[in-house]
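Everything below belongs to upload-v9.cif, which stores mmCIF, C-alpha atoms.
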data_upload
loop_
_atom_site.group_PDB
_atom_site.id
_atom_site.type_symbol
_atom_site.label_atom_id
_atom_site.label_comp_id
_atom_site.auth_asym_id
_atom_site.auth_seq_id
_atom_site.Cartn_x
_atom_site.Cartn_y
_atom_site.Cartn_z
ATOM 1 C CA MET A 22 7.411 -9.734 15.631
ATOM 2 C CA THR A 23 6.771 -11.449 12.321
ATOM 3 C CA ALA A 24 8.019 -8.568 10.162
ATOM 4 C CA ARG A 25 11.381 -8.647 11.898
ATOM 5 C CA ALA A 26 11.599 -12.430 11.476
ATOM 6 C CA ILE A 27 10.779 -12.013 7.785
ATOM 7 C CA LEU A 28 13.514 -9.435 7.371
ATOM 8 C CA GLU A 29 16.028 -11.740 9.061
ATOM 9 C CA ALA A 30 14.942 -14.768 7.008
ATOM 10 C CA ALA A 31 14.961 -12.923 3.688
ATOM 11 C CA GLN A 32 18.744 -13.012 3.216
ATOM 12 C CA GLY A 33 18.747 -11.082 -0.014
ATOM 13 C CA ARG A 34 15.394 -12.293 -1.276
ATOM 14 C CA THR A 35 12.829 -9.620 -2.050
ATOM 15 C CA ILE A 36 9.114 -9.289 -1.321
ATOM 16 C CA ALA A 37 6.121 -7.617 -2.970
ATOM 17 C CA THR A 38 2.532 -7.251 -1.763
ATOM 18 C CA ALA A 39 -0.830 -6.991 -3.499
ATOM 19 C CA GLU A 40 -3.614 -6.091 -1.096
ATOM 20 C CA SER A 41 -7.317 -5.564 -1.307
ATOM 21 C CA CYS A 42 -9.183 -5.924 2.014
ATOM 22 C CA THR A 43 -6.083 -5.380 4.185
ATOM 23 C CA GLY A 44 -5.651 -2.016 2.448
ATOM 24 C CA GLY A 45 -1.886 -1.652 2.948
ATOM 25 C CA MET A 46 -1.613 -3.227 6.402
ATOM 26 C CA VAL A 47 0.675 -6.007 5.165
ATOM 27 C CA ALA A 48 3.032 -3.513 3.503
ATOM 28 C CA ALA A 49 2.907 -1.274 6.585
ATOM 29 C CA ALA A 50 3.891 -4.204 8.818
ATOM 30 C CA LEU A 51 6.707 -5.285 6.493
ATOM 31 C CA THR A 52 8.156 -1.766 6.436
ATOM 32 C CA ASP A 53 7.928 -1.314 10.196
ATOM 33 C CA PRO A 54 11.421 -2.628 11.111
ATOM 34 C CA PRO A 55 14.474 -0.529 10.331
ATOM 35 C CA GLY A 56 16.320 -1.848 7.275
ATOM 36 C CA SER A 57 13.179 -3.235 5.661
ATOM 37 C CA SER A 58 14.082 -1.651 2.342
ATOM 38 C CA ALA A 59 16.613 -4.488 1.940
ATOM 39 C CA ALA A 60 13.726 -6.934 1.500
ATOM 40 C CA PHE A 61 10.557 -4.978 0.690
ATOM 41 C CA LEU A 62 10.457 -3.775 -2.909
ATOM 42 C CA TRP A 63 6.970 -2.810 -3.819
ATOM 43 C CA GLY A 64 3.341 -2.955 -2.799
ATOM 44 C CA VAL A 65 -0.027 -2.082 -4.246
ATOM 45 C CA VAL A 66 -3.435 -1.576 -2.694
ATOM 46 C CA THR A 67 -5.920 -2.500 -5.374
ATOM 47 C CA TYR A 68 -9.331 -1.847 -3.920
ATOM 48 C CA SER A 69 -11.165 -1.494 -7.220
ATOM 49 C CA ASN A 70 -11.357 -4.079 -9.978
ATOM 50 C CA ALA A 71 -9.874 -1.514 -12.367
ATOM 51 C CA ALA A 72 -6.809 -1.236 -10.131
ATOM 52 C CA LYS A 73 -6.424 -5.016 -10.022
ATOM 53 C CA ILE A 74 -6.475 -5.097 -13.815
ATOM 54 C CA ASP A 75 -4.236 -2.069 -14.372
ATOM 55 C CA LEU A 76 -1.594 -2.574 -11.668
ATOM 56 C CA LEU A 77 -1.500 -6.365 -11.454
ATOM 57 C CA GLY A 78 -2.701 -7.645 -14.795
ATOM 58 C CA VAL A 79 -5.655 -9.513 -13.301
ATOM 59 C CA ARG A 80 -7.896 -10.545 -16.184
ATOM 60 C CA ALA A 81 -11.305 -8.915 -16.473
ATOM 61 C CA ALA A 82 -12.672 -12.295 -17.529
ATOM 62 C CA THR A 83 -11.571 -13.840 -14.223
ATOM 63 C CA LEU A 84 -13.163 -11.014 -12.224
ATOM 64 C CA ASP A 85 -16.379 -11.393 -14.212
ATOM 65 C CA ALA A 86 -16.453 -15.157 -13.840
ATOM 66 C CA VAL A 87 -15.618 -15.664 -10.161
ATOM 67 C CA GLY A 88 -15.453 -12.198 -8.561
ATOM 68 C CA ALA A 89 -12.653 -10.379 -6.785
ATOM 69 C CA VAL A 90 -12.814 -12.516 -3.641
ATOM 70 C CA SER A 91 -11.700 -15.817 -5.128
ATOM 71 C CA GLU A 92 -8.637 -18.035 -5.198
ATOM 72 C CA GLU A 93 -8.350 -17.459 -8.948
ATOM 73 C CA VAL A 94 -8.050 -13.683 -8.468
ATOM 74 C CA ALA A 95 -5.686 -14.149 -5.492
ATOM 75 C CA ARG A 96 -3.480 -16.260 -7.776
ATOM 76 C CA GLU A 97 -3.488 -13.662 -10.554
ATOM 77 C CA MET A 98 -2.798 -10.861 -8.069
ATOM 78 C CA ALA A 99 0.178 -12.696 -6.544
ATOM 79 C CA GLU A 100 1.627 -13.710 -9.899
ATOM 80 C CA GLY A 101 1.072 -10.238 -11.302
ATOM 81 C CA ALA A 102 2.768 -8.594 -8.321
ATOM 82 C CA ARG A 103 5.730 -10.945 -8.548
ATOM 83 C CA ALA A 104 6.147 -10.441 -12.297
ATOM 84 C CA ARG A 105 5.635 -6.703 -12.214
ATOM 85 C CA SER A 106 7.876 -5.988 -9.225
ATOM 86 C CA GLY A 107 10.645 -8.450 -9.990
ATOM 87 C CA ALA A 108 10.470 -9.618 -6.368
ATOM 88 C CA ASP A 109 11.281 -13.195 -5.403
ATOM 89 C CA ILE A 110 8.094 -13.614 -3.374
ATOM 90 C CA ALA A 111 4.703 -11.941 -3.656
ATOM 91 C CA VAL A 112 1.690 -12.274 -1.411
ATOM 92 C CA ALA A 113 -1.878 -11.335 -2.351
ATOM 93 C CA VAL A 114 -4.893 -10.748 -0.101
ATOM 94 C CA THR A 115 -8.489 -10.317 -1.262
ATOM 95 C CA GLY A 116 -11.469 -10.738 1.017
ATOM 96 C CA ILE A 117 -14.667 -9.539 2.621
ATOM 97 C CA ALA A 118 -13.649 -7.501 5.668
ATOM 98 C CA GLY A 119 -17.211 -6.404 6.196
ATOM 99 C CA PRO A 120 -19.426 -5.358 7.712
ATOM 100 C CA GLY A 121 -21.737 -7.524 5.658
ATOM 101 C CA GLY A 122 -21.120 -10.121 2.986
ATOM 102 C CA SER A 123 -23.322 -11.768 0.435
ATOM 103 C CA GLU A 124 -25.193 -15.044 0.287
ATOM 104 C CA THR A 125 -22.330 -16.740 -1.492
ATOM 105 C CA LYS A 126 -19.414 -14.801 0.016
ATOM 106 C CA PRO A 127 -19.706 -14.364 3.761
ATOM 107 C CA GLU A 128 -18.074 -11.665 5.854
ATOM 108 C CA GLY A 129 -14.662 -12.796 7.011
ATOM 109 C CA ARG A 130 -13.800 -14.853 3.929
ATOM 110 C CA VAL A 131 -10.313 -13.991 2.721
ATOM 111 C CA CYS A 132 -8.404 -15.534 -0.179
ATOM 112 C CA PHE A 133 -4.615 -15.529 -0.206
ATOM 113 C CA GLY A 134 -2.064 -16.105 -2.949
ATOM 114 C CA LEU A 135 1.649 -16.712 -2.491
ATOM 115 C CA ALA A 136 3.872 -16.654 -5.561
ATOM 116 C CA THR A 137 7.455 -17.913 -5.277
ATOM 117 C CA PRO A 138 10.053 -18.845 -7.884
ATOM 118 C CA GLU A 139 8.849 -22.465 -7.606
ATOM 119 C CA ARG A 140 5.076 -22.213 -7.523
ATOM 120 C CA THR A 141 1.981 -20.211 -6.657
ATOM 121 C CA GLY A 142 -0.172 -21.418 -3.782
ATOM 122 C CA VAL A 143 -3.678 -20.219 -2.977
ATOM 123 C CA GLU A 144 -5.957 -20.745 -0.022
ATOM 124 C CA THR A 145 -9.179 -19.452 1.509
ATOM 125 C CA VAL A 146 -9.579 -18.748 5.208
ATOM 126 C CA GLU A 147 -12.949 -18.112 6.849
ATOM 127 C CA PHE A 148 -12.157 -15.697 9.667
ATOM 128 C CA GLY A 149 -15.864 -15.281 10.394
ATOM 129 C CA ALA A 150 -17.943 -12.197 11.163
ATOM 130 C CA ARG A 151 -15.642 -10.963 13.921
ATOM 131 C CA GLY A 152 -15.755 -7.329 12.788
ATOM 132 C CA ARG A 153 -13.954 -5.385 10.089
ATOM 133 C CA GLY A 154 -10.885 -4.419 12.117
ATOM 134 C CA ALA A 155 -10.376 -7.919 13.478
ATOM 135 C CA VAL A 156 -10.775 -9.556 10.069
ATOM 136 C CA ARG A 157 -8.265 -7.138 8.564
ATOM 137 C CA ALA A 158 -5.740 -7.730 11.360
ATOM 138 C CA ALA A 159 -6.141 -11.511 11.154
ATOM 139 C CA ALA A 160 -5.721 -11.411 7.368
ATOM 140 C CA ARG A 161 -2.598 -9.259 7.733
ATOM 141 C CA ASP A 162 -1.094 -11.690 10.221
ATOM 142 C CA HIS A 163 -1.921 -14.664 8.015
ATOM 143 C CA ALA A 164 -0.263 -13.010 5.006
ATOM 144 C CA LEU A 165 2.857 -12.299 7.057
ATOM 145 C CA ALA A 166 2.944 -15.936 8.201
ATOM 146 C CA LEU A 167 2.694 -17.084 4.574
ATOM 147 C CA ILE A 168 5.654 -14.906 3.593
ATOM 148 C CA LEU A 169 7.701 -16.197 6.520
ATOM 149 C CA SER A 170 6.875 -19.805 5.640
ATOM 150 C CA ALA A 171 8.059 -19.232 2.079
ATOM 151 C CA LEU A 172 11.393 -17.855 3.322
ATOM 152 C CA GLN A 173 12.137 -20.599 5.829
ATOM 153 C CA PRO A 174 13.895 -23.789 4.737
ATOM 154 C CA MET B 1 -11.055 9.814 13.278
ATOM 155 C CA THR B 2 -9.622 11.497 10.228
ATOM 156 C CA ALA B 3 -10.290 8.609 7.832
ATOM 157 C CA ARG B 4 -13.979 8.702 8.661
ATOM 158 C CA ALA B 5 -14.081 12.473 8.186
ATOM 159 C CA ILE B 6 -12.372 12.048 4.808
ATOM 160 C CA LEU B 7 -14.921 9.456 3.736
ATOM 161 C CA GLU B 8 -17.761 11.782 4.743
ATOM 162 C CA ALA B 9 -16.204 14.793 3.015
ATOM 163 C CA ALA B 10 -15.395 12.936 -0.199
ATOM 164 C CA GLN B 11 -18.958 13.015 -1.586
ATOM 165 C CA GLY B 12 -18.143 11.067 -4.715
ATOM 166 C CA ARG B 13 -14.586 12.275 -5.106
ATOM 167 C CA THR B 14 -11.919 9.594 -5.205
ATOM 168 C CA ILE B 15 -8.504 9.269 -3.588
ATOM 169 C CA ALA B 16 -5.192 7.597 -4.422
ATOM 170 C CA THR B 17 -2.011 7.247 -2.363
ATOM 171 C CA ALA B 18 1.683 6.973 -3.213
ATOM 172 C CA GLU B 19 3.769 6.094 -0.177
ATOM 173 C CA SER B 20 7.395 5.564 0.531
ATOM 174 C CA CYS B 21 8.390 5.944 4.202
ATOM 175 C CA THR B 22 4.857 5.392 5.537
ATOM 176 C CA GLY B 23 4.860 2.039 3.767
ATOM 177 C CA GLY B 24 1.096 1.650 3.327
ATOM 178 C CA MET B 25 -0.028 3.270 6.587
ATOM 179 C CA VAL B 26 -1.951 6.028 4.809
ATOM 180 C CA ALA B 27 -3.816 3.527 2.634
ATOM 181 C CA ALA B 28 -4.451 1.295 5.653
ATOM 182 C CA ALA B 29 -5.953 4.240 7.549
ATOM 183 C CA LEU B 30 -8.107 5.310 4.606
ATOM 184 C CA THR B 31 -9.502 1.787 4.208
ATOM 185 C CA ASP B 32 -10.218 1.350 7.910
ATOM 186 C CA PRO B 33 -13.816 2.684 7.915
ATOM 187 C CA PRO B 34 -16.593 0.575 6.410
ATOM 188 C CA GLY B 35 -17.608 1.866 2.984
ATOM 189 C CA SER B 36 -14.163 3.263 2.197
ATOM 190 C CA SER B 37 -14.230 1.653 -1.228
ATOM 191 C CA ALA B 38 -16.567 4.485 -2.273
ATOM 192 C CA ALA B 39 -13.662 6.932 -1.985
ATOM 193 C CA PHE B 40 -10.399 4.982 -1.967
ATOM 194 C CA LEU B 41 -9.410 3.758 -5.421
ATOM 195 C CA TRP B 42 -5.807 2.781 -5.445
ATOM 196 C CA GLY B 43 -2.551 2.951 -3.556
ATOM 197 C CA VAL B 44 1.067 2.057 -4.110
ATOM 198 C CA VAL B 45 3.982 1.568 -1.761
ATOM 199 C CA THR B 46 7.054 2.479 -3.737
ATOM 200 C CA TYR B 47 9.998 1.831 -1.479
ATOM 201 C CA SER B 48 12.599 1.461 -4.227
ATOM 202 C CA ASN B 49 13.481 4.046 -6.850
ATOM 203 C CA ALA B 50 12.638 1.463 -9.521
ATOM 204 C CA ALA B 51 9.118 1.204 -8.125
ATOM 205 C CA LYS B 52 8.720 4.986 -8.128
ATOM 206 C CA ILE B 53 9.708 5.049 -11.798
ATOM 207 C CA ASP B 54 7.685 2.028 -12.883
ATOM 208 C CA LEU B 55 4.450 2.529 -10.932
ATOM 209 C CA LEU B 56 4.302 6.319 -10.741
ATOM 210 C CA GLY B 57 6.297 7.583 -13.694
ATOM 211 C CA VAL B 58 8.783 9.471 -11.514
ATOM 212 C CA ARG B 59 11.660 10.495 -13.757
ATOM 213 C CA ALA B 60 15.038 8.853 -13.179
ATOM 214 C CA ALA B 61 16.632 12.230 -13.881
ATOM 215 C CA THR B 62 14.765 13.783 -10.961
ATOM 216 C CA LEU B 63 15.788 10.983 -8.606
ATOM 217 C CA ASP B 64 19.407 11.341 -9.735
ATOM 218 C CA ALA B 65 19.377 15.118 -9.383
ATOM 219 C CA VAL B 66 17.651 15.626 -6.019
ATOM 220 C CA GLY B 67 17.112 12.173 -4.489
ATOM 221 C CA ALA B 68 13.938 10.357 -3.465
ATOM 222 C CA VAL B 69 13.322 12.518 -0.386
ATOM 223 C CA SER B 70 12.613 15.812 -2.114
ATOM 224 C CA GLU B 71 9.669 18.028 -2.971
ATOM 225 C CA GLU B 72 10.327 17.425 -6.664
ATOM 226 C CA VAL B 73 9.903 13.652 -6.248
ATOM 227 C CA ALA B 74 6.875 14.123 -3.963
ATOM 228 C CA ARG B 75 5.314 16.223 -6.735
ATOM 229 C CA GLU B 76 5.999 13.623 -9.412
ATOM 230 C CA MET B 77 4.717 10.829 -7.165
ATOM 231 C CA ALA B 78 1.457 12.666 -6.439
ATOM 232 C CA GLU B 79 0.890 13.660 -10.051
ATOM 233 C CA GLY B 80 1.791 10.168 -11.252
ATOM 234 C CA ALA B 81 -0.599 8.560 -8.783
ATOM 235 C CA ARG B 82 -3.419 10.893 -9.758
ATOM 236 C CA ALA B 83 -2.886 10.360 -13.487
ATOM 237 C CA ARG B 84 -2.427 6.626 -13.270
ATOM 238 C CA SER B 85 -5.328 5.943 -10.907
ATOM 239 C CA GLY B 86 -7.815 8.386 -12.364
ATOM 240 C CA ALA B 87 -8.539 9.579 -8.811
ATOM 241 C CA ASP B 88 -9.568 13.164 -8.092
ATOM 242 C CA ILE B 89 -6.990 13.598 -5.340
ATOM 243 C CA ALA B 90 -3.645 11.925 -4.762
ATOM 244 C CA VAL B 91 -1.283 12.262 -1.833
ATOM 245 C CA ALA B 92 2.405 11.329 -1.852
ATOM 246 C CA VAL B 93 4.766 10.752 1.087
ATOM 247 C CA THR B 94 8.531 10.317 0.858
ATOM 248 C CA GLY B 95 10.867 10.748 3.802
ATOM 249 C CA ILE B 96 13.560 9.555 6.141
ATOM 250 C CA ALA B 97 11.825 7.522 8.849
ATOM 251 C CA GLY B 98 15.150 6.439 10.252
ATOM 252 C CA PRO B 99 16.926 5.401 12.279
ATOM 253 C CA GLY B 100 19.645 7.560 10.830
ATOM 254 C CA GLY B 101 19.712 10.133 8.100
ATOM 255 C CA SER B 102 22.493 11.780 6.157
ATOM 256 C CA GLU B 103 24.352 15.051 6.465
ATOM 257 C CA THR B 104 22.019 16.749 4.024
ATOM 258 C CA LYS B 105 18.816 14.812 4.773
ATOM 259 C CA PRO B 106 18.165 14.389 8.483
ATOM 260 C CA GLU B 107 16.065 11.709 10.103
ATOM 261 C CA GLY B 108 12.474 12.846 10.389
ATOM 262 C CA ARG B 109 12.399 14.872 7.178
ATOM 263 C CA VAL B 110 9.319 14.010 5.145
ATOM 264 C CA CYS B 111 8.182 15.535 1.850
ATOM 265 C CA PHE B 112 4.512 15.535 0.889
ATOM 266 C CA GLY B 113 2.739 16.086 -2.397
ATOM 267 C CA LEU B 114 -0.971 16.695 -2.889
ATOM 268 C CA ALA B 115 -2.376 16.639 -6.402
ATOM 269 C CA THR B 116 -5.905 17.886 -7.030
ATOM 270 C CA PRO B 117 -7.761 18.815 -10.217
ATOM 271 C CA GLU B 118 -6.673 22.435 -9.664
ATOM 272 C CA ARG B 119 -3.043 22.182 -8.634
ATOM 273 C CA THR B 120 -0.254 20.189 -7.017
ATOM 274 C CA GLY B 121 1.119 21.407 -3.711
ATOM 275 C CA VAL B 122 4.300 20.210 -2.049
ATOM 276 C CA GLU B 123 5.786 20.754 1.378
ATOM 277 C CA THR B 124 8.521 19.470 3.668
ATOM 278 C CA VAL B 125 7.995 18.772 7.345
ATOM 279 C CA GLU B 126 10.842 18.146 9.780
ATOM 280 C CA PHE B 127 9.377 15.748 12.325
ATOM 281 C CA GLY B 128 12.794 15.327 13.946
ATOM 282 C CA ALA B 129 14.598 12.251 15.218
ATOM 283 C CA ARG B 130 11.704 11.028 17.321
ATOM 284 C CA GLY B 131 12.086 7.394 16.266
ATOM 285 C CA ARG B 132 11.019 5.436 13.216
ATOM 286 C CA GLY B 133 7.539 4.468 14.423
ATOM 287 C CA ALA B 134 6.707 7.976 15.609
ATOM 288 C CA VAL B 135 7.935 9.597 12.386
ATOM 289 C CA ARG B 136 5.875 7.177 10.317
ATOM 290 C CA ALA B 137 2.741 7.778 12.405
ATOM 291 C CA ALA B 138 3.189 11.560 12.283
ATOM 292 C CA ALA B 139 3.714 11.440 8.517
ATOM 293 C CA ARG B 140 0.603 9.290 8.089
ATOM 294 C CA ASP B 141 -1.487 11.733 10.125
ATOM 295 C CA HIS B 142 -0.123 14.700 8.186
ATOM 296 C CA ALA B 143 -0.985 13.029 4.873
ATOM 297 C CA LEU B 144 -4.529 12.333 6.081
ATOM 298 C CA ALA B 145 -4.884 15.965 7.152
ATOM 299 C CA LEU B 146 -3.734 17.101 3.692
ATOM 300 C CA ILE B 147 -6.356 14.929 2.023
ATOM 301 C CA LEU B 148 -9.073 16.223 4.337
ATOM 302 C CA SER B 149 -8.042 19.836 3.679
ATOM 303 C CA ALA B 150 -8.311 19.246 -0.069
ATOM 304 C CA LEU B 151 -11.841 17.871 0.317
ATOM 305 C CA GLN B 152 -13.177 20.634 2.537
ATOM 306 C CA PRO B 153 -14.595 23.802 1.051
#
Translate this file's structure into structure tokens.
Amino acid sequence: MTARAILEAAQGRTIATAESCTGGMVAAALTDPPGSSAAFLWGVVTYSNAAKIDLLGVRAATLDAVGAVSEEVAREMAEGARARSGADIAVAVTGIAGPGGSETKPEGRVCFGLATPERTGVETVEFGARGRGAVRAAARDHALALILSALQP
Amino acid sequence: MTARAILEAAQGRTIATAESCTGGMVAAALTDPPGSSAAFLWGVVTYSNAAKIDLLGVRAATLDAVGAVSEEVAREMAEGARARSGADIAVAVTGIAGPGGSETKPEGRVCFGLATPERTGVETVEFGARGRGAVRAAARDHALALILSALQP
């Protein structure tokens, strides 16, 4: 299981999460194995824009300019979570779990941010209109894989 | 499913979560149904004491005096989540998911807080040493039932 592999790879490094469409599923997976408190510090579920601003320091101007489901907001969420929590690594997830999207932002589009001591990476994955539960699960698994990749040499 | 019943009962009222041992499972359940953003505002997973202090305003003196798994801390977590999020109702969960507990705090003990506009209630449930996953799932379901009870007339 990825969460167990993450815990083994962490070796003293700490992790924070900032979730929108996954709604806590990444944090729930990370805290599933016994002993996870050695690595998992802190997580937030920021469904509303106000929560993204208040808890993570996302800028209102960024939300206004490009919307919550964007690589820019994923970057600010990840960097805000890392700074606020003091964790070594922070992952951010913001996407359209559906059902339904918009003309410019289709269902299944999820943006990820990964902030480490060295850099912040962002990416967008189009999971497609496979249904809300499946998009959320796929986004959770992708976020866990990103964390694991950041911990491995 | 309880999350769907909560969403239907909310009727404009909003919800926040503050989780320790459930690690995001309550927020993940609440955000499972489509349209949950109408009711779910904000959640935090405060595994460390530092996170409970920083994100929820739990007092260090309370943590020192009675420990994180206590009705006093559950109360401060719920009230902190409600105040910070601006939600109508906030639920807090802090417990010993295990494996293992201590002489004074056995595995399976979980404290809950429920803050509403009228009052804050707290309670302790002994789920017993049924295993980490089962304790977490039972605590999640109990938290969802508390939220639903607060929303029903």
Selected residue, from A:Gly129, A:Ala111, A:Asp162, A:Ile117, that lies nearest to Gly142 in chain A when counting all atoms listed in the file: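 Nearest to Gly142 in chain A: A:Ala111.
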Proximal residues of chain A relative to chain B (all atoms listed in the file; 6 Å) as a list of chain:residue names: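 Taken together, these residues fit the definition: A:Gly44, A:Gly45, A:Met46, A:Ala48, A:Ala49, A:Thr52, A:Leu62, A:Trp63, A:Gly64, A:Val65, A:Val66, A:Thr67, A:Tyr68, A:Ser69.
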Between CA of Ala104 in chain A and CA of Val143 in chain A, distance in Å (one decimal):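 Between CA of Ala104 in chain A and CA of Val143 in chain A the gap is 16.7 Å.
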Selection result for the PyMOL selection byres ((chain A and resi 132) around 6) on this file, as a list of chain:residue names: A:Ser91, A:Glu92, A:Val114, A:Thr115, A:Gly116, A:Val131, A:Phe133, A:Glu144, A:Thr145
Separation of CA of Lys105 in chain B from CA of Ala138 in chain B, in Å and rounded to one decimal: 17.6 Å
Between CA of Ala5 in chain B and CA of Glu118 in chain B - distance in Å to one decimal: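 It comes out at 21.7 Å.
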Test item: the PyMOL selection byres ((chain B and resi 79) around 9) resolved as a PyMOL selection string: chain B and resi 56-57+74-78+80-84+90-92+113-116+120
Would you mind completing range 86-93 of chain B to all heavy atoms and writing the output as a compact mmCIF listing (two decimals), in the coordinates of the input?
# COMPACT_ATOMS: atom_id res chain seq x y z
N GLY B 86 -6.58 7.72 -11.98
CA GLY B 86 -7.82 8.39 -12.36
C GLY B 86 -8.55 8.98 -11.17
O GLY B 86 -9.69 9.43 -11.30
N ALA B 87 -7.90 9.02 -10.01
CA ALA B 87 -8.54 9.58 -8.81
C ALA B 87 -8.57 11.10 -8.89
O ALA B 87 -7.78 11.73 -9.60
CB ALA B 87 -7.79 9.14 -7.56
N ASP B 88 -9.48 11.70 -8.14
CA ASP B 88 -9.57 13.16 -8.09
C ASP B 88 -8.41 13.76 -7.31
O ASP B 88 -7.91 14.83 -7.65
CB ASP B 88 -10.89 13.58 -7.44
CG ASP B 88 -12.09 13.17 -8.27
OD1 ASP B 88 -12.19 13.65 -9.41
OD2 ASP B 88 -12.89 12.35 -7.80
N ILE B 89 -8.01 13.07 -6.25
CA ILE B 89 -6.99 13.60 -5.34
C ILE B 89 -5.96 12.51 -5.07
O ILE B 89 -6.33 11.35 -4.83
CB ILE B 89 -7.64 14.02 -4.00
CG1 ILE B 89 -8.54 15.24 -4.23
CG2 ILE B 89 -6.60 14.29 -2.92
CD1 ILE B 89 -9.41 15.55 -3.06
N ALA B 90 -4.69 12.89 -5.11
CA ALA B 90 -3.64 11.92 -4.76
C ALA B 90 -2.67 12.56 -3.80
O ALA B 90 -2.30 13.73 -3.95
CB ALA B 90 -2.90 11.44 -6.01
N VAL B 91 -2.27 11.79 -2.80
CA VAL B 91 -1.28 12.26 -1.83
C VAL B 91 -0.02 11.41 -1.97
O VAL B 91 -0.11 10.21 -2.27
CB VAL B 91 -1.84 12.21 -0.39
CG1 VAL B 91 -1.98 10.78 0.11
CG2 VAL B 91 -0.98 13.02 0.56
N ALA B 92 1.13 12.04 -1.79
CA ALA B 92 2.40 11.33 -1.85
C ALA B 92 3.22 11.64 -0.61
O ALA B 92 3.19 12.77 -0.10
CB ALA B 92 3.19 11.74 -3.10
N VAL B 93 3.93 10.62 -0.12
CA VAL B 93 4.77 10.75 1.09
C VAL B 93 6.12 10.12 0.82
O VAL B 93 6.19 8.94 0.45
CB VAL B 93 4.12 10.02 2.28
CG1 VAL B 93 4.89 10.33 3.56
CG2 VAL B 93 2.66 10.35 2.43
